[in-house]
Amino acid sequence: MVNVREHLALYLGIHLSLMFLMYPEMVIGSTNSGHWEIVLLYCTVQLLLLFLYSKSLRAFPGQDLIQIVSRLGKWPTRLLLFPYFLFLLASITLSARAHSEMLTMVLFKRTPLWALYAVILVLAFYIGHKGIRAIYRTAFLYFLMFFPLLAFVLISATTQMDWDYFFPAFDFSFDFVKRKAFYSGLYAFSPFLFLGMVNHLSQKRGRYHKLKWAGGLSLLVVSYLGAVYISLLVHGAETSQQLEYALLTALDAIDLEWFIFDRVTVLYVVSTVGFLLLYLAMQIWILEEVVTRVYWSIKPVYVGAGGTIACYILACLIPNWDIMLKSVYLDTPLRLYCMMGIPLLVFILARVQRKGGEHEEVTAKSA
Amino acid sequence: MCQQMEKQGDWVCQRLLLWEREVFLVCLSTLVNLTQTQELLPGFFETRTKSALQVEEEAEMRRALFAGQALVFVPEEEVCYLLSPAGPQVDRAVTTTENQSVIQSAQDAFTENLETNLTLVRKKLQTSQLVYRSMEFGTAERRRMGMLYVEGLATPELVEEVWAHCETNRERSVPNTQTLLKLLKQRWWDTIPTVLSLELPSETVRMLKQGRVVLFLDQYPYALVTPGSIFDGVTMHEDLNYPAVLSYFFRMLRVIGAIIAIVAPSLYVALVSVNPEVLRIQLALSIAQSREGVPYPAFVEILLMLIFLELVFEASVRLPKTIGPTITMVGGIILGQAVVQAELVSNLLIIVLSAMTIANFALVGYQNALVLRMLKYVLLFFGTIFGMLGVLFGIAWFVAYVAGITVFGIPYLKLWKTREVDHG
């Protein structure tokens, strides 16, 4: 049994971890005007997938994704979940690597990158290995600690905004669908896949259950819009496109007289890294579950440690930011498969089960 | 048996004549008030029925004697009776609290005597649902233990699990709470109080009404409450004796205190030696100025002062009350003035340390304050290596660590709610 507030905290936390790095740059790179169209398109796609996924998952109460797919047999499960396994490795590696890069930009100009992602990965493994319930509880506390910081940074960014940059507000050519960056931007929407892995923990449905979820999701939509529009409204679309870290530079421009820190970026970094730890912990836990239950039944701690080390080595192999971005582009088909394929797969299985159930009911009645 | 007991200097074996019948009164004079007990004897024999407790085995007799009982041996009948004697008055009276002070709440505190403690709880929670179970630990060295819970509020699983742990370890002696933690299968090495020591009966009653289990050890003047919760450090029974606004204000203060206490030293090191550039330039310059002339790195500087501070804490606990103020005075001079004038540490550090010390003890419960006292060193270590981010990593680690703790299957992060006793 999981509280809806813990569930929401985890859901929001892991989404917030990914949306402030690379995603704004990708959206800004996809088009010259009407960015909100892209963001809302992303959000609609995610909401549709979320709806499809959670609706289908509800057909299998008390079972998680692995148990659901396992009905197909051992080898089909292994085959179908293999992209997911790769996606987990890639997402852990890339997000740890990307955030370490951001840290060297803001706080640690002299610290070597490898030391940063080593600490991040070790800490994430520590949290992840404690199991899903501990992750939930951690998520709740992290949300209480880091969300106010993040909200403060984002709200204080409004002081620097020039609302004229909002225009031209429309782009009806939809040229962006031809750009690679458009598809890669969806990576910030991928964390919702964890829902399948926690399906066996039923949610306590208290009062206002749907209202709370609606509130949480709309908060996410606002944040997705904010992540893109902060740098757009501070620098304008043209300049933002030229910047490598558009959002970071925009936040650096905020100057609060009364604030003890030189830049609010410090708080932004602290809170996103906090949420990132949560995301990585979640992914490492899923990795442990998938590998030990589908591929190789050994102690989860070995898988977690092995996976962390593997991701660390992979992260070390990425020499610079350009290659880092290229790997995100390379990773896109895999991610799209997971984001679309897994919900669809569960949906089909749910349909089959429902038909089977109806069939059984009919035969039982006729007998 | 007499031969074995003769080596005890306080061993008494009195031959008395009661209605021309020979009777022997056997006891330890240090545990029994002899004159008063002799006066009890006629009454004992008059009201004596068949159900009067008799002891036959020698081991049992010895155990009774050392537990403060008296034996009455009647050679004519060849039986030995067990007599509850008048004991010497050595128990401390119920006094006000020594260590967990409160202002607007019941002031009485637990004492060493198990029965007195139970009386205090029973008086404050008058319900038939309050259940008391008792047992004795140890074989050679015995110690009584009592367990209290409220039926209908404490889950049966929790009660039975705690009881089962005690039952299976009956034979072991329990000289201190660390052994008790060990036999309850708790983290006896951990600073996080999964079993909480409470001095206040009113606070204990609140815990009982939240559905927790309370253990009492004889001769230990604290109630041991399990499972502990992280919120025990910020909430108190006393809070509810104030208007709601004030009680939330107090709780918020404690949370802020906790944050300052653990973060202040590590943030100092992080900002001074690793990430000075994140500070506003004027602030960074004034900090640098205050550190002018300090010969060693910030980490060494703060570590030296922290060790000194810990020594002051420790010494002020140890010292006799009459010399106590000396420590405060001497410590104050060294910490406050001399060290800065000698340019051994910076002005700012003194401010940081004082803020930390004050904040540290704003938390409820000495055990919780100790957690913070230890935790700041972990954060200091992280902060020295990774600066600002290290402080974040330290906090993130601690939160995950605490979130991972479960006590008897109940998360340490659970928010216990006080409920009404159901008179079913």
# chains A, B, ... in the order shown; residues from 1 in each chain; ligands from 1
call {"tool": "closest_atom_pairs", "arguments": {"of": "chain B", "to": "chain A", "cutoff": "10 Å", "atoms": "only C-alpha atoms", "output": "JSON lines"}}
result
{"residue": "B:Val274", "atom": "CA", "partner": "A:Phe108", "partner_atom": "CA", "distance": 8.8}
{"residue": "B:Asn275", "atom": "CA", "partner": "A:Leu107", "partner_atom": "CA", "distance": 6.9}
{"residue": "B:Pro276", "atom": "CA", "partner": "A:Phe261", "partner_atom": "CA", "distance": 9.7}
{"residue": "B:Glu277", "atom": "CA", "partner": "A:Asp262", "partner_atom": "CA", "distance": 7.5}
{"residue": "B:Val278", "atom": "CA", "partner": "A:Asp262", "partner_atom": "CA", "distance": 5.2}
{"residue": "B:Leu279", "atom": "CA", "partner": "A:Phe261", "partner_atom": "CA", "distance": 4.3}
{"residue": "B:Arg280", "atom": "CA", "partner": "A:Asp262", "partner_atom": "CA", "distance": 4.1}
{"residue": "B:Ile281", "atom": "CA", "partner": "A:Asp262", "partner_atom": "CA", "distance": 7.0}
{"residue": "B:Gln282", "atom": "CA", "partner": "A:Asp262", "partner_atom": "CA", "distance": 9.6}
{"residue": "B:Leu283", "atom": "CA", "partner": "A:Ile260", "partner_atom": "CA", "distance": 7.5}
{"residue": "B:Ala284", "atom": "CA", "partner": "A:Phe261", "partner_atom": "CA", "distance": 9.5}
{"residue": "B:Phe386", "atom": "CA", "partner": "A:Phe108", "partner_atom": "CA", "distance": 8.6}
{"residue": "B:Gly387", "atom": "CA", "partner": "A:Leu107", "partner_atom": "CA", "distance": 8.7}
{"residue": "B:Met388", "atom": "CA", "partner": "A:Leu107", "partner_atom": "CA", "distance": 8.1}
{"residue": "B:Leu389", "atom": "CA", "partner": "A:Val270", "partner_atom": "CA", "distance": 6.8}
{"residue": "B:Gly390", "atom": "CA", "partner": "A:Val119", "partner_atom": "CA", "distance": 9.4}
{"residue": "B:Val391", "atom": "CA", "partner": "A:Val270", "partner_atom": "CA", "distance": 9.6}
{"residue": "B:Leu392", "atom": "CA", "partner": "A:Val270", "partner_atom": "CA", "distance": 6.7}
{"residue": "B:Phe393", "atom": "CA", "partner": "A:Leu123", "partner_atom": "CA", "distance": 7.7}
{"residue": "B:Gly394", "atom": "CA", "partner": "A:Leu123", "partner_atom": "CA", "distance": 9.6}
{"residue": "B:Ile395", "atom": "CA", "partner": "A:Gly274", "partner_atom": "CA", "distance": 9.6}
{"residue": "B:Ala396", "atom": "CA", "partner": "A:Gly274", "partner_atom": "CA", "distance": 7.0}
{"residue": "B:Trp397", "atom": "CA", "partner": "A:Leu123", "partner_atom": "CA", "distance": 6.9}
{"residue": "B:Phe398", "atom": "CA", "partner": "A:Thr138", "partner_atom": "CA", "distance": 9.8}
{"residue": "B:Val399", "atom": "CA", "partner": "A:Thr138", "partner_atom": "CA", "distance": 6.3}
{"residue": "B:Ala400", "atom": "CA", "partner": "A:Thr138", "partner_atom": "CA", "distance": 5.4}
{"residue": "B:Tyr401", "atom": "CA", "partner": "A:Ile127", "partner_atom": "CA", "distance": 7.8}
{"residue": "B:Val402", "atom": "CA", "partner": "A:Thr138", "partner_atom": "CA", "distance": 8.3}
{"residue": "B:Ala403", "atom": "CA", "partner": "A:Ala134", "partner_atom": "CA", "distance": 5.3}
{"residue": "B:Gly404", "atom": "CA", "partner": "A:Ala134", "partner_atom": "CA", "distance": 4.8}
{"residue": "B:Ile405", "atom": "CA", "partner": "A:Ala134", "partner_atom": "CA", "distance": 8.0}
{"residue": "B:Thr406", "atom": "CA", "partner": "A:Ala134", "partner_atom": "CA", "distance": 9.3}
{"residue": "B:Pro411", "atom": "CA", "partner": "A:Ala134", "partner_atom": "CA", "distance": 8.6}
{"residue": "B:Tyr412", "atom": "CA", "partner": "A:Arg137", "partner_atom": "CA", "distance": 9.8}
{"residue": "B:Leu413", "atom": "CA", "partner": "A:Arg137", "partner_atom": "CA", "distance": 7.4}
{"residue": "B:Lys414", "atom": "CA", "partner": "A:Arg137", "partner_atom": "CA", "distance": 9.3}
call {"tool": "write_last_selection", "arguments": {"atoms": "N, CA and C atoms", "output": "mmCIF file, in the first residue's frame"}}
result
data_model
loop_
_atom_site.group_PDB
_atom_site.id
_atom_site.type_symbol
_atom_site.label_atom_id
_atom_site.label_comp_id
_atom_site.auth_asym_id
_atom_site.auth_seq_id
_atom_site.Cartn_x
_atom_site.Cartn_y
_atom_site.Cartn_z
ATOM 1 N N VAL B 274 35.939 25.546 -0.407
ATOM 2 C CA VAL B 274 35.732 24.887 -1.702
ATOM 3 C C VAL B 274 35.008 25.787 -2.710
ATOM 4 N N ASN B 275 33.889 26.362 -2.308
ATOM 5 C CA ASN B 275 33.101 27.157 -3.266
ATOM 6 C C ASN B 275 32.892 28.597 -2.816
ATOM 7 N N PRO B 276 33.957 29.349 -2.568
ATOM 8 C CA PRO B 276 33.716 30.738 -2.136
ATOM 9 C C PRO B 276 33.029 31.559 -3.217
ATOM 10 N N GLU B 277 33.121 31.131 -4.485
ATOM 11 C CA GLU B 277 32.605 31.958 -5.571
ATOM 12 C C GLU B 277 31.085 32.005 -5.616
ATOM 13 N N VAL B 278 30.405 31.065 -4.936
ATOM 14 C CA VAL B 278 28.946 31.118 -5.000
ATOM 15 C C VAL B 278 28.387 32.205 -4.097
ATOM 16 N N LEU B 279 29.211 32.679 -3.165
ATOM 17 C CA LEU B 279 28.727 33.738 -2.282
ATOM 18 C C LEU B 279 28.771 35.075 -3.004
ATOM 19 N N ARG B 280 27.960 35.984 -2.540
ATOM 20 C CA ARG B 280 28.001 37.354 -2.999
ATOM 21 C C ARG B 280 29.399 37.902 -2.739
ATOM 22 N N ILE B 281 29.905 38.693 -3.641
ATOM 23 C CA ILE B 281 31.321 39.054 -3.566
ATOM 24 C C ILE B 281 31.664 39.805 -2.272
ATOM 25 N N GLN B 282 30.764 40.708 -1.847
ATOM 26 C CA GLN B 282 31.039 41.453 -0.601
ATOM 27 C C GLN B 282 31.142 40.503 0.581
ATOM 28 N N LEU B 283 30.222 39.530 0.587
ATOM 29 C CA LEU B 283 30.193 38.573 1.688
ATOM 30 C C LEU B 283 31.462 37.720 1.670
ATOM 31 N N ALA B 284 31.810 37.262 0.480
ATOM 32 C CA ALA B 284 33.006 36.422 0.349
ATOM 33 C C ALA B 284 34.240 37.176 0.833
ATOM 34 N N PHE B 386 33.499 17.777 -1.334
ATOM 35 C CA PHE B 386 32.727 18.205 -2.501
ATOM 36 C C PHE B 386 32.063 19.569 -2.342
ATOM 37 N N GLY B 387 32.398 20.281 -1.312
ATOM 38 C CA GLY B 387 31.848 21.630 -1.163
ATOM 39 C C GLY B 387 30.346 21.647 -0.990
ATOM 40 N N MET B 388 29.718 22.650 -1.599
ATOM 41 C CA MET B 388 28.264 22.802 -1.518
ATOM 42 C C MET B 388 27.536 21.515 -1.870
ATOM 43 N N LEU B 389 28.025 20.896 -2.946
ATOM 44 C CA LEU B 389 27.365 19.693 -3.418
ATOM 45 C C LEU B 389 27.531 18.559 -2.418
ATOM 46 N N GLY B 390 28.687 18.563 -1.732
ATOM 47 C CA GLY B 390 28.929 17.553 -0.716
ATOM 48 C C GLY B 390 27.913 17.655 0.399
ATOM 49 N N VAL B 391 27.580 18.884 0.772
ATOM 50 C CA VAL B 391 26.561 19.071 1.808
ATOM 51 C C VAL B 391 25.246 18.468 1.320
ATOM 52 N N LEU B 392 24.936 18.740 0.057
ATOM 53 C CA LEU B 392 23.719 18.166 -0.530
ATOM 54 C C LEU B 392 23.781 16.638 -0.507
ATOM 55 N N PHE B 393 24.930 16.093 -0.932
ATOM 56 C CA PHE B 393 25.076 14.634 -0.944
ATOM 57 C C PHE B 393 24.921 14.071 0.460
ATOM 58 N N GLY B 394 25.496 14.775 1.425
ATOM 59 C CA GLY B 394 25.390 14.319 2.815
ATOM 60 C C GLY B 394 23.946 14.267 3.264
ATOM 61 N N ILE B 395 23.213 15.328 2.972
ATOM 62 C CA ILE B 395 21.803 15.357 3.386
ATOM 63 C C ILE B 395 21.018 14.281 2.639
ATOM 64 N N ALA B 396 21.304 14.173 1.327
ATOM 65 C CA ALA B 396 20.595 13.177 0.521
ATOM 66 C C ALA B 396 20.858 11.781 1.076
ATOM 67 N N TRP B 397 22.102 11.529 1.451
ATOM 68 C CA TRP B 397 22.441 10.226 2.026
ATOM 69 C C TRP B 397 21.675 10.002 3.318
ATOM 70 N N PHE B 398 21.666 11.012 4.171
ATOM 71 C CA PHE B 398 21.025 10.847 5.475
ATOM 72 C C PHE B 398 19.523 10.593 5.320
ATOM 73 N N VAL B 399 18.905 11.345 4.413
ATOM 74 C CA VAL B 399 17.464 11.162 4.201
ATOM 75 C C VAL B 399 17.176 9.735 3.725
ATOM 76 N N ALA B 400 18.000 9.264 2.773
ATOM 77 C CA ALA B 400 17.789 7.906 2.267
ATOM 78 C C ALA B 400 18.040 6.889 3.366
ATOM 79 N N TYR B 401 19.033 7.164 4.181
ATOM 80 C CA TYR B 401 19.370 6.246 5.272
ATOM 81 C C TYR B 401 18.206 6.123 6.243
ATOM 82 N N VAL B 402 17.660 7.279 6.605
ATOM 83 C CA VAL B 402 16.545 7.281 7.546
ATOM 84 C C VAL B 402 15.308 6.646 6.907
ATOM 85 N N ALA B 403 15.106 6.928 5.610
ATOM 86 C CA ALA B 403 13.931 6.375 4.920
ATOM 87 C C ALA B 403 14.020 4.859 4.836
ATOM 88 N N GLY B 404 15.238 4.335 4.856
ATOM 89 C CA GLY B 404 15.396 2.884 4.721
ATOM 90 C C GLY B 404 15.186 2.133 6.029
ATOM 91 N N ILE B 405 15.140 2.858 7.147
ATOM 92 C CA ILE B 405 15.032 2.175 8.444
ATOM 93 C C ILE B 405 13.595 1.745 8.705
ATOM 94 N N THR B 406 13.431 0.480 9.084
ATOM 95 C CA THR B 406 12.122 0.049 9.565
ATOM 96 C C THR B 406 12.320 -0.581 10.947
ATOM 97 N N PRO B 411 7.954 1.693 9.169
ATOM 98 C CA PRO B 411 8.971 2.670 8.751
ATOM 99 C C PRO B 411 9.262 3.701 9.836
ATOM 100 N N TYR B 412 10.521 4.063 9.926
ATOM 101 C CA TYR B 412 10.928 5.072 10.912
ATOM 102 C C TYR B 412 10.327 6.430 10.572
ATOM 103 N N LEU B 413 9.933 6.601 9.309
ATOM 104 C CA LEU B 413 9.376 7.881 8.886
ATOM 105 C C LEU B 413 7.866 7.984 9.119
ATOM 106 N N LYS B 414 7.292 6.958 9.743
ATOM 107 C CA LYS B 414 5.843 6.976 9.929
ATOM 108 C C LYS B 414 5.431 8.129 10.842
#
call {"tool": "residues_around", "arguments": {"residues": "B:Ala154", "least_positions_apart": "2", "cutoff": "12 Å", "atoms": "only C-alpha atoms", "output": "PyMOL selection string"}}
result
chain B and resi 129-131+148-152+156-162+207-214+226-227+416-422
call {"tool": "write_last_selection", "arguments": {"atoms": "N, CA, C and O atoms", "output": "tab-separated table (two decimals), in the first residue's frame"}}
result
chain	number	residue	atom	x	y	z
B	129	GLN	N	-8.16	-0.70	28.92
B	129	GLN	CA	-7.48	-1.19	27.71
B	129	GLN	C	-5.96	-1.17	27.87
B	129	GLN	O	-5.25	-1.71	27.05
B	130	LEU	N	-5.49	-0.49	28.90
B	130	LEU	CA	-4.04	-0.43	29.12
B	130	LEU	C	-3.59	-1.75	29.73
B	130	LEU	O	-3.97	-2.09	30.85
B	131	VAL	N	-2.78	-2.48	28.97
B	131	VAL	CA	-2.38	-3.82	29.41
B	131	VAL	C	-0.94	-3.80	29.89
B	131	VAL	O	-0.08	-3.18	29.27
B	148	LEU	N	4.05	-2.28	28.48
B	148	LEU	CA	2.73	-1.65	28.48
B	148	LEU	C	2.28	-1.39	27.05
B	148	LEU	O	3.09	-1.01	26.20
B	149	TYR	N	1.00	-1.58	26.81
B	149	TYR	CA	0.45	-1.18	25.52
B	149	TYR	C	-1.05	-0.98	25.68
B	149	TYR	O	-1.63	-1.44	26.67
B	150	VAL	N	-1.64	-0.30	24.75
B	150	VAL	CA	-3.09	-0.10	24.81
B	150	VAL	C	-3.75	-1.02	23.80
B	150	VAL	O	-3.47	-0.95	22.61
B	151	GLU	N	-4.57	-1.89	24.30
B	151	GLU	CA	-5.25	-2.84	23.43
B	151	GLU	C	-6.19	-2.09	22.49
B	151	GLU	O	-6.90	-1.18	22.92
B	152	GLY	N	-6.15	-2.46	21.23
B	152	GLY	CA	-7.03	-1.79	20.28
B	152	GLY	C	-6.33	-0.64	19.57
B	152	GLY	O	-6.74	-0.23	18.51
B	156	PRO	N	-1.69	-5.92	17.14
B	156	PRO	CA	-1.29	-7.17	17.80
B	156	PRO	C	0.05	-7.68	17.29
B	156	PRO	O	0.83	-8.24	18.06
B	157	GLU	N	0.34	-7.47	15.99
B	157	GLU	CA	1.60	-7.97	15.43
B	157	GLU	C	2.78	-7.33	16.14
B	157	GLU	O	3.74	-8.00	16.51
B	158	LEU	N	2.70	-6.01	16.33
B	158	LEU	CA	3.79	-5.29	16.98
B	158	LEU	C	3.98	-5.80	18.41
B	158	LEU	O	5.09	-6.14	18.83
B	159	VAL	N	2.86	-5.88	19.15
B	159	VAL	CA	2.92	-6.30	20.55
B	159	VAL	C	3.54	-7.70	20.63
B	159	VAL	O	4.47	-7.93	21.41
B	160	GLU	N	3.04	-8.61	19.81
B	160	GLU	CA	3.52	-9.98	19.90
B	160	GLU	C	4.97	-10.09	19.48
B	160	GLU	O	5.72	-10.88	20.04
B	161	GLU	N	5.36	-9.31	18.50
B	161	GLU	CA	6.76	-9.40	18.04
B	161	GLU	C	7.72	-8.92	19.14
B	161	GLU	O	8.71	-9.58	19.43
B	162	VAL	N	7.37	-7.80	19.76
B	162	VAL	CA	8.23	-7.29	20.84
B	162	VAL	C	8.28	-8.30	21.97
B	162	VAL	O	9.34	-8.65	22.49
B	207	MET	N	2.56	8.46	23.63
B	207	MET	CA	3.09	7.40	22.76
B	207	MET	C	2.20	6.16	22.83
B	207	MET	O	1.95	5.51	21.82
B	208	LEU	N	1.73	5.84	24.04
B	208	LEU	CA	0.87	4.66	24.18
B	208	LEU	C	-0.41	4.86	23.38
B	208	LEU	O	-0.91	3.94	22.74
B	209	LYS	N	-0.92	6.08	23.42
B	209	LYS	CA	-2.16	6.35	22.69
B	209	LYS	C	-1.95	6.41	21.19
B	209	LYS	O	-2.89	6.43	20.42
B	210	GLN	N	-0.69	6.49	20.78
B	210	GLN	CA	-0.41	6.42	19.34
B	210	GLN	C	-0.28	4.98	18.89
B	210	GLN	O	-0.05	4.70	17.71
B	211	GLY	N	-0.38	4.05	19.82
B	211	GLY	CA	-0.29	2.64	19.46
B	211	GLY	C	1.10	2.08	19.54
B	211	GLY	O	1.41	1.08	18.90
B	212	ARG	N	1.95	2.71	20.34
B	212	ARG	CA	3.30	2.15	20.47
B	212	ARG	C	3.40	1.33	21.75
B	212	ARG	O	2.53	1.36	22.60
B	213	VAL	N	4.50	0.61	21.84
B	213	VAL	CA	4.71	-0.28	22.97
B	213	VAL	C	5.77	0.34	23.88
B	213	VAL	O	6.76	0.88	23.41
B	214	VAL	N	5.50	0.30	25.19
B	214	VAL	CA	6.44	0.89	26.15
B	214	VAL	C	7.03	-0.20	27.04
B	214	VAL	O	6.30	-1.05	27.54
B	226	THR	N	9.00	1.94	21.80
B	226	THR	CA	9.33	1.45	20.47
B	226	THR	C	8.04	1.27	19.69
B	226	THR	O	7.01	0.98	20.29
B	227	PRO	N	8.00	1.44	18.38
B	227	PRO	CA	9.06	1.92	17.50
B	227	PRO	C	9.21	3.45	17.57
B	227	PRO	O	8.21	4.15	17.74
B	416	TRP	N	3.03	9.05	13.48
B	416	TRP	CA	2.08	8.39	14.39
B	416	TRP	C	1.05	9.41	14.82
B	416	TRP	O	1.39	10.52	15.21
B	417	LYS	N	-0.20	9.00	14.79
B	417	LYS	CA	-1.26	9.91	15.19
B	417	LYS	C	-1.85	9.47	16.52
B	417	LYS	O	-2.12	8.28	16.71
B	418	THR	N	-2.08	10.42	17.42
B	418	THR	CA	-2.69	10.09	18.70
B	418	THR	C	-4.16	9.79	18.48
B	418	THR	O	-4.86	10.55	17.82
B	419	ARG	N	-4.60	8.64	19.01
B	419	ARG	CA	-6.00	8.27	18.82
B	419	ARG	C	-6.67	8.11	20.17
B	419	ARG	O	-6.00	7.99	21.20
B	420	GLU	N	-7.97	8.10	20.13
B	420	GLU	CA	-8.71	7.93	21.38
B	420	GLU	C	-8.78	6.46	21.74
B	420	GLU	O	-8.89	5.60	20.88
B	421	VAL	N	-8.72	6.19	23.04
B	421	VAL	CA	-8.85	4.80	23.48
B	421	VAL	C	-10.29	4.37	23.28
B	421	VAL	O	-11.22	5.08	23.67
B	422	ASP	N	-10.45	3.21	22.65
B	422	ASP	CA	-11.78	2.72	22.33
B	422	ASP	C	-12.25	1.81	23.48
B	422	ASP	O	-11.70	0.75	23.70
call {"tool": "residues_around", "arguments": {"residues": "A:Cys311", "least_positions_apart": "3", "cutoff": "8 Å", "atoms": "only C-alpha atoms", "output": "MDAnalysis selection string"}}
result
chainID A and resid 89:90 92:93 307:308 314:315
call {"tool": "write_last_selection", "arguments": {"atoms": "C-alpha atoms", "output": "mmCIF file, in the first residue's frame"}}
result
data_model
loop_
_atom_site.group_PDB
_atom_site.id
_atom_site.type_symbol
_atom_site.label_atom_id
_atom_site.label_comp_id
_atom_site.auth_asym_id
_atom_site.auth_seq_id
_atom_site.Cartn_x
_atom_site.Cartn_y
_atom_site.Cartn_z
ATOM 1 C CA LEU A 89 21.506 1.448 -18.766
ATOM 2 C CA ALA A 90 21.522 4.283 -21.285
ATOM 3 C CA ILE A 92 21.397 6.054 -16.077
ATOM 4 C CA THR A 93 24.634 6.700 -17.927
ATOM 5 C CA GLY A 307 25.027 -2.080 -13.363
ATOM 6 C CA THR A 308 26.357 0.977 -11.573
ATOM 7 C CA LEU A 314 30.099 3.919 -20.141
ATOM 8 C CA ALA A 315 29.954 7.453 -18.778
#
call {"tool": "select_by_dssp", "arguments": {"residues": "stretch 51-271 of chain A", "states": "alpha helix (DSSP H)", "output": "MDAnalysis selection string"}}
result
chainID A and resid 51:57 65:69 74:106 113:129 132:156 180:184 194:197 209:235 237:242 246:252 265:271
call {"tool": "residues_around", "arguments": {"residues": "stretch 20-34 of chain B", "least_positions_apart": "5", "cutoff": "6 Å", "atoms": "only C-alpha atoms", "output": "MDAnalysis selection string"}}
result
chainID B and resid 10:15 65 68 70:74 86:88
call {"tool": "select_by_dssp", "arguments": {"residues": "stretch 150-393 of chain B", "states": "strand (DSSP E)", "output": "count of residues only"}}
result
13
call {"tool": "residues_around", "arguments": {"residues": "B:Asp239", "least_positions_apart": "2", "cutoff": "9 Å", "atoms": "only C-alpha atoms", "output": "JSON, numbers by chain"}}
result
{"B": [104, 105, 235, 236, 237, 241, 242, 243, 244, 246, 247, 248, 250, 251]}
call {"tool": "closest_residue", "arguments": {"among": "A:Lys326, A:Arg335, A:Arg293, A:Arg354", "to": "A:Lys74", "atoms": "only C-alpha atoms"}}
result
A:Arg293
call {"tool": "atom_distance", "arguments": {"atom1": "atom CA of A:Leu149", "atom2": "atom CA of A:Leu40"}}
result
25.1 Å
call {"tool": "residues_around", "arguments": {"residues": "B:Ala261", "least_positions_apart": "4", "cutoff": "12 Å", "atoms": "only C-alpha atoms", "output": "count of residues only"}}
result
33
call {"tool": "closest_atom_pairs", "arguments": {"of": "stretch 145-247 of chain B", "to": "stretch 124-128 of chain B", "cutoff": "8 Å", "atoms": "only C-alpha atoms", "output": "Markdown table"}}
result
| residue | atom | partner | partner_atom | distance |
| --- | --- | --- | --- | --- |
| B:Pro201 | CA | B:Lys124 | CA | 7.6 |
| B:Ser202 | CA | B:Lys124 | CA | 7.0 |
| B:Val205 | CA | B:Leu125 | CA | 6.6 |
call {"tool": "write_last_selection", "arguments": {"atoms": "N, CA and C atoms", "output": "PDB file, in the first residue's frame"}}
result
ATOM      1  N   PRO B 201       6.163  10.886  32.093  1.00  0.00           N
ATOM      2  CA  PRO B 201       4.977  10.021  31.979  1.00  0.00           C
ATOM      3  C   PRO B 201       3.960  10.574  30.993  1.00  0.00           C
ATOM      4  N   SER B 202       3.776  11.897  30.965  1.00  0.00           N
ATOM      5  CA  SER B 202       2.758  12.439  30.071  1.00  0.00           C
ATOM      6  C   SER B 202       3.114  12.165  28.611  1.00  0.00           C
ATOM      7  N   VAL B 205       2.459   8.501  27.874  1.00  0.00           N
ATOM      8  CA  VAL B 205       1.042   8.224  27.656  1.00  0.00           C
ATOM      9  C   VAL B 205       0.640   8.587  26.233  1.00  0.00           C
TER      10      VAL B 205
END
call {"tool": "residues_around", "arguments": {"residues": "A:Leu233", "least_positions_apart": "2", "cutoff": "7 Å", "atoms": "only C-alpha atoms", "output": "list in words"}}
result
Met161, Asp162, Trp163, Tyr165, Phe166, Tyr229, Ile230, Ser231, His235 and Gly236 of chain A
call {"tool": "write_last_selection", "arguments": {"atoms": "N, CA and C atoms", "output": "mmCIF file, in the first residue's frame"}}
result
data_model
loop_
_atom_site.group_PDB
_atom_site.id
_atom_site.type_symbol
_atom_site.label_atom_id
_atom_site.label_comp_id
_atom_site.auth_asym_id
_atom_site.auth_seq_id
_atom_site.Cartn_x
_atom_site.Cartn_y
_atom_site.Cartn_z
ATOM 1 N N MET A 161 12.335 38.454 -17.155
ATOM 2 C CA MET A 161 11.694 38.098 -18.423
ATOM 3 C C MET A 161 11.242 39.324 -19.208
ATOM 4 N N ASP A 162 11.355 39.200 -20.506
ATOM 5 C CA ASP A 162 10.832 40.224 -21.397
ATOM 6 C C ASP A 162 9.735 39.542 -22.206
ATOM 7 N N TRP A 163 8.489 39.891 -21.900
ATOM 8 C CA TRP A 163 7.375 39.108 -22.454
ATOM 9 C C TRP A 163 7.211 39.293 -23.952
ATOM 10 N N TYR A 165 9.315 38.661 -26.085
ATOM 11 C CA TYR A 165 9.955 37.524 -26.760
ATOM 12 C C TYR A 165 8.989 36.364 -26.998
ATOM 13 N N PHE A 166 7.810 36.447 -26.367
ATOM 14 C CA PHE A 166 6.841 35.367 -26.541
ATOM 15 C C PHE A 166 6.376 35.297 -27.992
ATOM 16 N N TYR A 229 10.471 28.181 -21.516
ATOM 17 C CA TYR A 229 10.216 29.603 -21.716
ATOM 18 C C TYR A 229 11.106 30.521 -20.893
ATOM 19 N N ILE A 230 11.737 29.995 -19.835
ATOM 20 C CA ILE A 230 12.607 30.883 -19.063
ATOM 21 C C ILE A 230 13.716 31.432 -19.947
ATOM 22 N N SER A 231 14.417 30.532 -20.619
ATOM 23 C CA SER A 231 15.526 31.056 -21.432
ATOM 24 C C SER A 231 15.013 31.799 -22.657
ATOM 25 N N HIS A 235 16.370 35.540 -23.043
ATOM 26 C CA HIS A 235 17.314 35.839 -24.123
ATOM 27 C C HIS A 235 16.672 36.036 -25.488
ATOM 28 N N GLY A 236 15.471 35.550 -25.678
ATOM 29 C CA GLY A 236 14.892 35.535 -27.020
ATOM 30 C C GLY A 236 15.287 34.260 -27.741
#
